[in-house]
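Engineer: Please find protein.cif (mmCIF, C-alpha atoms and all ligand atoms) on the next line:
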data_data
loop_
_atom_site.label_atom_id
_atom_site.label_comp_id
_atom_site.auth_asym_id
_atom_site.auth_seq_id
_atom_site.Cartn_x
_atom_site.Cartn_y
_atom_site.Cartn_z
CA MET A 29 6.75 -12.74 3.04
CA TYR A 30 5.81 -11.64 -0.43
CA GLY A 31 5.59 -14.00 -3.38
CA ALA A 32 7.99 -13.31 -6.17
CA GLU A 33 6.71 -13.06 -9.72
CA LYS A 34 7.21 -16.37 -11.47
CA PRO A 35 8.25 -16.72 -15.10
CA ASP A 36 5.36 -17.03 -17.51
CA GLY A 37 5.39 -20.81 -17.95
CA GLU A 38 4.74 -21.31 -14.26
CA SER A 39 2.30 -18.51 -13.84
CA GLU A 40 -0.89 -20.56 -14.17
CA ARG A 41 0.10 -23.63 -12.21
CA THR A 42 -2.10 -22.90 -9.21
CA ALA A 43 -5.61 -21.54 -8.79
CA PHE A 44 -4.18 -18.47 -7.06
CA ARG A 45 -1.80 -17.71 -9.93
CA LYS A 46 -4.59 -18.22 -12.41
CA ALA A 47 -6.70 -15.62 -10.62
CA GLU A 48 -3.75 -13.22 -10.44
CA LYS A 49 -3.31 -13.55 -14.16
CA LYS A 50 -7.02 -13.10 -14.81
CA TYR A 51 -7.12 -9.72 -13.05
CA LYS A 52 -3.68 -8.39 -13.83
CA LEU A 53 -3.38 -5.36 -16.10
CA TYR A 54 -2.68 -6.22 -19.73
CA TYR A 55 -2.68 -3.80 -22.60
CA GLN A 56 -4.07 -4.03 -26.08
CA HIS A 57 -3.63 -1.59 -28.93
CA GLY A 58 -6.33 1.04 -29.22
CA SER A 59 -7.77 2.58 -32.38
CA SER A 60 -4.88 5.02 -32.78
CA LYS A 61 -1.79 2.91 -33.47
CA LYS A 62 0.39 4.00 -30.60
CA LYS A 63 -2.13 4.23 -27.79
CA LYS A 64 -2.20 1.27 -25.46
CA VAL A 65 -5.51 0.67 -23.74
CA PRO A 66 -6.14 -1.65 -20.81
CA LYS A 67 -7.55 -4.97 -21.89
CA PRO A 68 -11.11 -5.35 -20.53
CA VAL A 69 -11.36 -7.73 -17.63
CA GLU A 70 -14.36 -9.77 -16.50
CA LEU A 71 -15.32 -8.39 -13.09
CA SER A 72 -18.66 -10.08 -12.47
CA GLU A 73 -17.22 -12.38 -9.80
CA VAL A 74 -15.56 -9.61 -7.81
CA ILE A 75 -17.37 -8.99 -4.50
CA ASP A 76 -18.28 -5.34 -4.10
CA PHE A 77 -18.75 -4.69 -0.39
CA GLU A 78 -19.93 -1.16 -1.02
CA ALA A 79 -22.86 -2.57 -2.99
CA VAL A 80 -23.34 -5.26 -0.34
CA ARG A 81 -23.62 -2.56 2.32
CA GLU A 82 -26.06 -0.46 0.25
CA SER A 83 -28.27 -3.45 -0.34
CA TYR A 84 -28.11 -4.53 3.31
CA GLU A 85 -28.85 -1.05 4.67
CA GLY A 86 -31.60 -0.41 2.10
CA LYS A 87 -33.38 -3.74 1.81
CA GLY A 88 -31.88 -5.90 4.54
CA GLU A 89 -30.56 -8.29 1.89
CA LEU A 90 -27.21 -10.09 1.99
CA PRO A 91 -25.58 -12.30 -0.65
CA ASP A 92 -24.96 -15.95 0.24
CA GLY A 93 -21.81 -16.49 2.27
CA ILE A 94 -21.63 -12.96 3.68
CA ALA A 95 -22.76 -12.15 7.23
CA VAL A 96 -23.03 -8.89 9.17
CA VAL A 97 -20.85 -8.40 12.23
CA GLU A 98 -22.34 -6.44 15.07
CA CYS A 99 -19.85 -3.92 16.33
CA GLY A 100 -20.53 -1.18 18.76
CA PHE A 101 -18.83 1.53 16.73
CA GLY A 102 -21.25 2.55 14.04
CA TRP A 103 -20.02 0.92 10.82
CA THR A 104 -21.71 -1.91 9.03
CA SER A 105 -19.07 -4.63 8.94
CA PHE A 106 -19.07 -7.96 7.18
CA ARG A 107 -17.44 -11.33 7.47
CA LEU A 108 -17.23 -14.27 5.11
CA GLU A 109 -18.88 -17.43 6.40
CA ASN A 110 -16.26 -19.69 4.83
CA GLN A 111 -13.23 -17.60 5.82
CA PRO A 112 -13.16 -17.28 9.62
CA GLY A 113 -11.06 -14.38 10.84
CA PHE A 114 -11.57 -12.18 7.76
CA TYR A 115 -13.51 -8.92 8.19
CA PHE A 116 -14.40 -6.16 5.75
CA ILE A 117 -15.50 -2.68 6.86
CA PRO A 118 -16.47 -0.72 3.73
CA GLY A 119 -16.01 3.04 4.01
CA ALA A 120 -14.61 2.87 7.54
CA LEU A 121 -12.48 6.00 7.09
CA SER A 122 -14.05 9.42 6.49
CA LEU A 123 -12.76 11.47 3.55
CA GLN A 124 -10.96 13.68 6.01
CA GLU A 125 -9.22 10.69 7.58
CA GLN A 126 -8.30 9.37 4.14
CA GLY A 127 -6.77 12.76 3.27
CA ARG A 128 -4.80 12.78 6.48
CA TRP A 129 -3.34 9.29 6.05
CA ILE A 130 -2.48 9.98 2.40
CA ARG A 131 -0.51 13.08 3.48
CA GLU A 132 1.25 11.17 6.24
CA SER A 133 2.02 8.24 3.93
CA LEU A 134 3.76 10.57 1.50
CA ILE A 135 5.37 13.09 3.84
CA SER A 136 6.20 11.57 7.21
CA PHE A 137 6.03 7.78 6.89
CA PRO A 138 8.97 7.46 4.44
CA GLN A 139 11.18 9.69 6.66
CA PRO A 140 14.23 8.10 8.30
CA PRO A 141 14.65 6.19 10.55
CA ASN A 142 11.73 4.50 8.78
CA ARG A 143 13.11 2.49 5.90
CA THR A 144 11.86 2.35 2.33
CA ASN A 145 12.67 0.23 -0.71
CA HIS A 146 15.12 3.00 -1.72
CA ASN A 147 17.39 2.48 1.31
CA ALA A 148 19.45 -0.33 -0.21
CA GLU A 149 20.45 1.75 -3.21
CA TYR A 150 20.49 5.31 -1.92
CA GLY A 151 20.63 5.12 1.87
CA PRO A 152 18.11 7.04 3.97
CA ILE A 153 16.39 9.78 1.96
CA ASN A 154 14.84 12.78 3.68
CA ASP A 155 11.88 14.72 2.29
CA LEU A 156 11.40 12.75 -0.91
CA PHE A 157 7.88 14.02 -1.56
CA LEU A 158 8.88 17.66 -1.11
CA ALA A 159 11.93 17.13 -3.31
CA ALA A 160 9.71 15.68 -6.04
CA ARG A 161 7.38 18.67 -5.75
CA GLU A 162 10.35 21.01 -6.15
CA ARG A 163 11.72 18.97 -9.08
CA ARG A 164 14.93 18.27 -7.25
CA VAL A 165 17.41 15.62 -8.29
CA LEU A 166 19.30 13.13 -6.14
CA VAL A 167 22.95 13.08 -7.17
CA GLU A 168 25.80 10.85 -6.19
CA ASP A 169 28.28 12.79 -4.11
CA ARG A 170 31.56 10.98 -4.73
CA SER A 171 33.85 13.53 -3.19
CA PRO A 172 31.70 15.74 -1.03
CA SER A 173 34.30 18.46 -0.48
CA GLN A 174 35.23 18.91 -4.16
CA SER A 175 32.13 18.09 -6.12
CA GLY A 176 31.32 21.74 -6.73
CA VAL A 177 27.60 21.01 -6.66
CA PRO A 178 25.79 23.37 -4.31
CA THR A 179 23.93 21.17 -1.89
CA SER A 180 21.02 21.60 0.38
CA GLY A 181 18.58 19.27 2.05
CA SER A 182 19.46 15.79 2.98
CA GLN A 183 22.55 13.69 2.68
CA ALA A 184 22.20 9.98 2.48
CA ALA A 185 24.61 7.07 2.49
CA ASN A 186 23.65 3.79 0.86
CA GLU A 187 24.72 0.37 2.06
CA SER A 188 28.03 0.61 0.24
CA GLY A 189 28.76 3.95 1.84
CA LEU A 190 28.14 6.24 -1.16
CA LEU A 191 26.66 9.60 -0.37
CA TRP A 192 23.68 11.03 -2.20
CA LYS A 193 22.09 14.43 -1.90
CA PHE A 194 19.28 16.44 -3.41
CA VAL A 195 20.24 19.37 -5.62
CA ASP A 196 18.19 21.70 -7.78
CA GLU A 197 17.40 20.52 -11.28
CA LEU A 198 19.60 23.13 -12.94
CA ASP A 199 22.55 22.45 -10.67
CA ALA A 200 22.28 18.74 -11.45
CA LYS A 201 22.37 19.51 -15.19
CA SER A 202 25.30 21.87 -14.98
CA SER A 203 27.44 19.74 -12.67
CA GLY A 204 27.91 17.04 -15.35
CA ASN A 205 31.16 15.21 -14.44
CA GLY A 206 29.68 11.74 -14.78
CA GLN A 207 27.83 11.71 -11.48
CA LYS A 208 24.92 9.36 -11.22
CA SER A 209 21.65 11.17 -10.69
CA VAL A 210 17.96 10.42 -10.44
CA ALA A 211 15.01 12.78 -10.32
CA ALA A 212 13.07 12.82 -7.04
CA SER A 213 9.87 12.44 -9.07
CA VAL A 214 11.19 9.14 -10.46
CA LEU A 215 12.06 7.93 -6.95
CA LEU A 216 8.61 8.90 -5.76
CA ARG A 217 7.01 6.91 -8.55
CA LYS A 218 9.22 3.96 -7.62
CA LEU A 219 8.50 4.19 -3.91
CA ARG A 220 6.96 0.77 -3.14
CA TRP A 221 7.06 0.48 0.63
CA SER A 222 7.99 2.16 3.86
CA THR A 223 8.00 0.59 7.32
CA LEU A 224 6.84 2.17 10.57
CA GLY A 225 7.53 1.11 14.14
CA LEU A 226 9.62 -2.06 14.37
CA GLN A 227 11.42 -2.31 11.05
CA PHE A 228 10.84 -5.32 8.85
CA ASN A 229 13.99 -6.68 7.27
CA TRP A 230 12.95 -7.95 3.84
CA SER A 231 16.12 -9.88 3.06
CA GLN A 232 16.08 -11.80 6.33
CA ARG A 233 12.28 -11.96 6.45
CA ASN A 234 12.07 -10.91 10.08
CA TYR A 235 11.66 -7.86 12.29
CA ASP A 236 15.06 -6.45 13.12
CA ILE A 237 14.55 -4.94 16.56
CA SER A 238 18.12 -3.59 16.53
CA LEU A 239 17.29 -1.12 13.74
CA PRO A 240 16.53 2.40 14.98
CA HIS A 241 12.82 3.15 14.82
CA ASN A 242 10.11 5.47 16.01
CA LYS A 243 6.84 4.38 17.53
CA ILE A 244 3.84 4.23 15.20
CA PRO A 245 2.06 7.60 15.53
CA ASP A 246 -0.49 7.59 18.31
CA ASP A 247 -3.53 8.43 16.16
CA LEU A 248 -2.76 5.57 13.80
CA CYS A 249 -2.41 3.22 16.80
CA GLN A 250 -5.76 4.36 18.19
CA LEU A 251 -7.42 3.84 14.82
CA ALA A 252 -5.92 0.35 14.47
CA ILE A 253 -6.90 -0.62 18.03
CA ARG A 254 -10.50 0.54 17.40
CA MET A 255 -10.73 -1.46 14.18
CA ALA A 256 -8.95 -4.54 15.57
CA SER A 257 -11.48 -4.86 18.40
CA LEU A 258 -13.96 -6.20 15.84
CA ALA A 259 -11.85 -9.33 15.38
CA MET A 260 -11.02 -9.89 19.04
CA GLY A 261 -12.78 -11.17 22.11
CA PRO A 262 -13.74 -8.95 25.06
CA GLY A 263 -10.71 -8.03 27.16
CA GLU A 264 -8.22 -8.97 24.43
CA GLN A 265 -5.76 -6.26 23.48
CA PHE A 266 -4.12 -5.32 20.20
CA LYS A 267 -0.70 -3.65 20.42
CA PRO A 268 0.30 -1.98 17.14
CA GLU A 269 4.06 -2.45 16.90
CA ALA A 270 4.86 -2.36 13.20
CA ALA A 271 3.25 -1.20 9.99
CA ILE A 272 4.06 -1.65 6.33
CA VAL A 273 2.95 1.04 3.92
CA ASN A 274 2.60 -0.21 0.35
CA TYR A 275 2.50 2.22 -2.57
CA PHE A 276 1.02 1.05 -5.88
CA GLY A 277 1.20 2.75 -9.25
CA LEU A 278 -0.61 1.58 -12.37
CA GLY A 279 0.53 -1.95 -13.23
CA ASP A 280 2.03 -2.61 -9.77
CA THR A 281 0.91 -5.80 -8.06
CA LEU A 282 1.45 -7.50 -4.73
CA GLY A 283 1.98 -11.21 -5.34
CA GLY A 284 0.15 -13.88 -3.32
CA HIS A 285 1.78 -14.27 0.09
CA LEU A 286 1.29 -15.07 3.76
CA ASP A 287 2.17 -12.68 6.56
CA ASP A 288 3.68 -15.21 8.91
CA MET A 289 6.49 -13.37 10.66
CA GLU A 290 4.46 -12.22 13.66
CA ALA A 291 4.35 -14.32 16.83
CA ASP A 292 0.62 -14.40 17.56
CA TRP A 293 -1.62 -15.06 14.57
CA SER A 294 -4.79 -14.67 16.57
CA LYS A 295 -4.06 -10.93 16.50
CA PRO A 296 -5.43 -9.20 13.41
CA ILE A 297 -3.55 -7.38 10.71
CA VAL A 298 -5.41 -4.10 10.25
CA SER A 299 -5.23 -3.01 6.64
CA LEU A 300 -6.31 0.45 5.38
CA SER A 301 -6.87 1.27 1.70
CA LEU A 302 -6.35 4.76 0.26
CA GLY A 303 -6.58 6.15 -3.27
CA CYS A 304 -7.30 4.10 -6.35
CA LYS A 305 -9.58 1.10 -6.29
CA ALA A 306 -7.89 -2.32 -6.25
CA ILE A 307 -8.74 -6.00 -6.49
CA PHE A 308 -7.81 -8.05 -3.45
CA LEU A 309 -7.56 -11.84 -3.66
CA LEU A 310 -8.18 -13.94 -0.57
CA GLY A 311 -7.29 -17.58 -1.02
CA GLY A 312 -6.76 -20.60 1.20
CA LYS A 313 -3.86 -22.15 3.08
CA THR A 314 -2.30 -23.26 -0.19
CA ARG A 315 -2.27 -21.58 -3.57
CA ASP A 316 -4.41 -24.39 -4.91
CA LYS A 317 -7.65 -23.06 -3.47
CA PRO A 318 -9.32 -20.64 -5.89
CA PRO A 319 -9.28 -17.23 -4.20
CA LEU A 320 -12.22 -14.90 -3.72
CA ALA A 321 -11.79 -11.55 -5.45
CA MET A 322 -13.11 -8.34 -3.92
CA PHE A 323 -12.78 -4.61 -4.59
CA LEU A 324 -10.87 -2.48 -2.10
CA ARG A 325 -11.68 1.22 -2.23
CA SER A 326 -10.27 4.27 -0.53
CA GLY A 327 -11.48 4.25 3.07
CA ASP A 328 -12.13 0.49 3.28
CA VAL A 329 -10.59 -1.43 6.15
CA VAL A 330 -9.85 -5.16 6.14
CA LEU A 331 -8.91 -7.31 9.12
CA MET A 332 -7.16 -10.65 8.87
CA ALA A 333 -7.02 -12.64 12.10
CA GLY A 334 -6.93 -16.27 13.18
CA GLU A 335 -7.43 -18.67 10.29
CA ALA A 336 -7.45 -15.84 7.75
CA ARG A 337 -3.85 -15.13 8.81
CA GLU A 338 -2.92 -18.47 7.27
CA CYS A 339 -4.50 -17.68 3.91
CA PHE A 340 -2.69 -16.53 0.79
CA HIS A 341 -3.68 -13.06 -0.33
CA GLY A 342 -2.48 -10.41 -2.74
CA VAL A 343 -3.35 -7.44 -4.94
CA PRO A 344 -3.18 -8.25 -8.67
CA ARG A 345 -4.61 -4.96 -9.92
CA ILE A 346 -5.25 -1.33 -9.22
CA PHE A 347 -7.55 0.82 -11.35
CA THR A 348 -6.48 4.31 -12.28
CA ASP A 349 -8.92 4.71 -15.15
CA GLU A 350 -11.88 7.00 -15.21
CA GLU A 351 -14.64 4.65 -14.10
CA ASP A 352 -14.29 5.64 -10.46
CA THR A 353 -14.62 9.38 -11.01
CA ALA A 354 -17.22 10.07 -8.30
CA HIS A 355 -15.07 8.57 -5.54
CA LYS A 356 -11.94 10.22 -6.87
CA ALA A 357 -13.46 13.68 -7.11
CA LEU A 358 -14.57 13.51 -3.48
CA LEU A 359 -11.14 12.44 -2.32
CA GLU A 360 -9.39 15.06 -4.42
CA GLN A 361 -11.51 17.76 -2.77
CA GLN A 362 -9.48 17.02 0.35
CA PHE A 363 -6.52 18.52 -1.47
CA SER A 364 -8.23 21.54 -3.04
CA ASP A 365 -5.68 24.00 -1.64
CA PRO A 366 -3.28 24.79 -4.52
CA GLU A 367 -0.37 23.98 -2.18
CA GLU A 368 -1.73 20.44 -1.99
CA HIS A 369 -2.17 19.86 -5.69
CA CYS A 370 0.75 17.40 -5.58
CA PHE A 371 -1.23 15.07 -3.30
CA SER A 372 -4.21 14.87 -5.64
CA GLU A 373 -1.91 14.37 -8.59
CA TYR A 374 -0.22 11.46 -6.82
CA ILE A 375 -3.31 9.77 -5.51
CA ARG A 376 -5.25 10.10 -8.78
CA ALA A 377 -3.00 7.38 -10.22
CA SER A 378 -1.87 5.50 -7.10
CA ARG A 379 -3.07 3.39 -4.24
CA ILE A 380 -1.65 3.32 -0.73
CA ASN A 381 -2.16 0.50 1.74
CA ILE A 382 -1.22 0.80 5.41
CA ASN A 383 -1.21 -2.49 7.31
CA ILE A 384 -0.64 -2.48 11.03
CA ARG A 385 0.56 -5.45 13.04
CA GLN A 386 1.28 -6.67 16.52
CA VAL A 387 4.64 -8.42 16.26
CA PHE A 388 5.15 -10.11 19.64
O1 LIG B 401 -2.37 -3.83 -0.29
C1 LIG B 401 -3.13 -4.55 0.36
O2 LIG B 401 -4.34 -4.34 0.46
C2 LIG B 401 -2.58 -5.79 1.05
C3 LIG B 401 -1.23 -5.58 1.62
C4 LIG B 401 -0.67 -6.82 2.24
O3 LIG B 401 -1.22 -7.89 2.14
C5 LIG B 401 0.59 -6.76 2.99
O4 LIG B 401 1.28 -5.73 2.99
O5 LIG B 401 0.94 -7.78 3.61
FE FE B 402 -0.29 -9.33 3.39
#
Just give me the structure of the file as structure tokens.
Ligand SMILES: O=C(O)CCC(=O)C(=O)O
Ligand SMILES: [Fe+2]

Structural biologist:
Amino acid sequence: MYGAEKPDGESERTAFRKAEKKYKLYYQHGSSKKKKVPKPVELSEVIDFEAVRESYEGKGELPDGIAVVECGFGWTSFRLENQPGFYFIPGALSLQEQGRWIRESLISFPQPPNRTNHNAEYGPINDLFLAARERRVLVEDRSPSQSGVPTSGSQAANESGLLWKFVDELDAKSSGNGQKSVAASVLLRKLRWSTLGLQFNWSQRNYDISLPHNKIPDDLCQLAIRMASLAMGPGEQFKPEAAIVNYFGLGDTLGGHLDDMEADWSKPIVSLSLGCKAIFLLGGKTRDKPPLAMFLRSGDVVLMAGEARECFHGVPRIFTDEEDTAHKALLEQQFSDPEEHCFSEYIRASRININIRQVF
């Protein structure tokens, strides 16, 4: 599904790769010797749908190539005239909804039986976010009955059968005896995806319906169904069966790819953005077509249906710097309770994407 990073020599061979390279985060040295600062990037060609909406609602003006979609449900939505099946709904989610889906993405979505990128190495991990908040450490439990490390919380077994468990920071330090260990905070920073509903098997590139799974939570299904209706004809139905949650830290990218493992491409992928602003590239059916670049902000919703399902797309950049302070401050107010400080800390430097799919 997802494009792998190519070695440097090949990285500019196609128009899509060229655009990825143009927007990707590079560093240059700042005035003080050690400090790396992000290299400035030319953003004048990036479509800003928030500005498009402001200009449309204020003056009735629209840039060339962008059209308004009439939808009965109150948001101003846009489509691209040259990219049938692609829809953009800026600010579709209220701040409260954004707060809710950020909490769920960190607390409940990575919970087993949902799988994450950590499964292969550590087995199913319970309560990762809480463990990170409590500075716990995941330690390898080679001989569970004799290890001498007081345990609590979850036990996990990875694919080679090793057991891992969370212990308190001090216990991890004192236990010594050569056990492998990794701080929960490190695992949280390295959390790249979790899967909801039918589980996607990344190595086989298909949905493995034999894997245990829970249904996608009802409220998320209702939200996806409401949004998907924009891209579907009257009487057509969208059945949310699987979702992939992507977590991006500074410097993380999602390479150009197609989502082609679902049976019916007329059905939209409903994609929600949360947290830091990103650049999204939407290309053509091959990587040779120069992609359009657009900003994705917290609360934006994108739909890809029909022909747009056959188009390469990816996320070459997220922005954690200070230029988006107004948006960030509003979002962080959702987590003003001191108990929730950990959410604002996470989302200040991260982006979360939830994309919901009908598989069959
Ligand atoms: O992060 C995004 O906005 C896009 C995610 C995506 O394309 C995917 O998960 O297939
Ligand atoms: Fe995708």

Engineer: In terms of the shortest atom-to-atom distance over all atoms listed in the file, which of A:Phe137, A:Tyr55, A:Phe371, A:Phe44 is closest to Ile272 in chain A?

Structural biologist: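 For Ile272 in chain A, the nearest of the given residues is A:Phe137.
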
Engineer: Enumerate residues in contact with ligand FE 402 (chain B): an atom-to-atom distance of at most 10 Å, counting all atoms listed in the file. Format the result as JSON, numbers by chain.

Structural biologist: {"A": [29, 30, 272, 282, 283, 284, 285, 286, 287, 288, 297, 299, 310, 332, 337, 339, 340, 341, 342, 343, 383]}

Engineer: Tell me which of A:Lys295, A:Lys62, A:Arg325, A:His369 sits closest to ligand LIG 401 (chain B), counting only C-alpha atoms and all ligand atoms.

Structural biologist: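 With only C-alpha atoms and all ligand atoms as the atom set, the closest residue is A:Arg325.
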
Engineer: Once 6 Å is added on each side, what centre and edge lengths in Å to one decimal does the axis-aligned box around all listed atoms of ligand LIG 401 (chain B) have, as lines of an AutoDock Vina configuration file?

Structural biologist:
center_x = -1.5
center_y = -5.9
center_z = 1.7
size_x = 17.6
size_y = 16.1
size_z = 15.9

Engineer: Which residue, A:His355, A:Arg143, A:Pro318, A:Leu302, has the smallest gap to ligand LIG 401 (chain B) when you use only C-alpha atoms and all ligand atoms?

Structural biologist: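 Ranking A:His355, A:Arg143, A:Pro318, A:Leu302 by distance to ligand LIG 401 (chain B), first place goes to A:Leu302.
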
Engineer: Do a neighbour search on Val214 in chain A at 12 Å with only C-alpha atoms, toss out local chain neighbours closer than 3 positions, and write the hits as a PyMOL selection string.

Structural biologist: chain A and resi 146+156-157+159-161+163-166+209-211+217-220+277

Engineer: Of the candidates A:Leu359, A:Ala321, A:Ala354, A:Ala377, which shows the shortest atom-to-atom distance to ligand LIG 401 (chain B), using only C-alpha atoms and all ligand atoms?

Structural biologist: A:Ala321

Engineer: How would you write as a PyMOL selection string the residues that get within 9 Å of (-21.1, -4.6, 10.0) in the file's frame, counting only C-alpha atoms?

Structural biologist: chain A and resi 81+95-99+102-107+115-118

Engineer: State, in Å with one decimal place, the distance from CA of Asn147 in chain A to CA of Gly225 in chain A.

Structural biologist: 16.2 Å

Engineer: CA of Gly151 in chain A and CA of Glu168 in chain A, how far apart in Å?

Structural biologist: 11.2 Å

Engineer: Could you work out how far CA of Met322 in chain A lies from CA of Lys46 in chain A, giving the answer in Å with one decimal?

Structural biologist: 15.6 Å

Engineer: If you count all atoms listed in the file, which residues fall within 7 Å of Lys67 in chain A, apart from same-chain ones fewer than 2 positions away, as an NGL selection string?

Structural biologist: :A and (54-56 or 65 or 69)
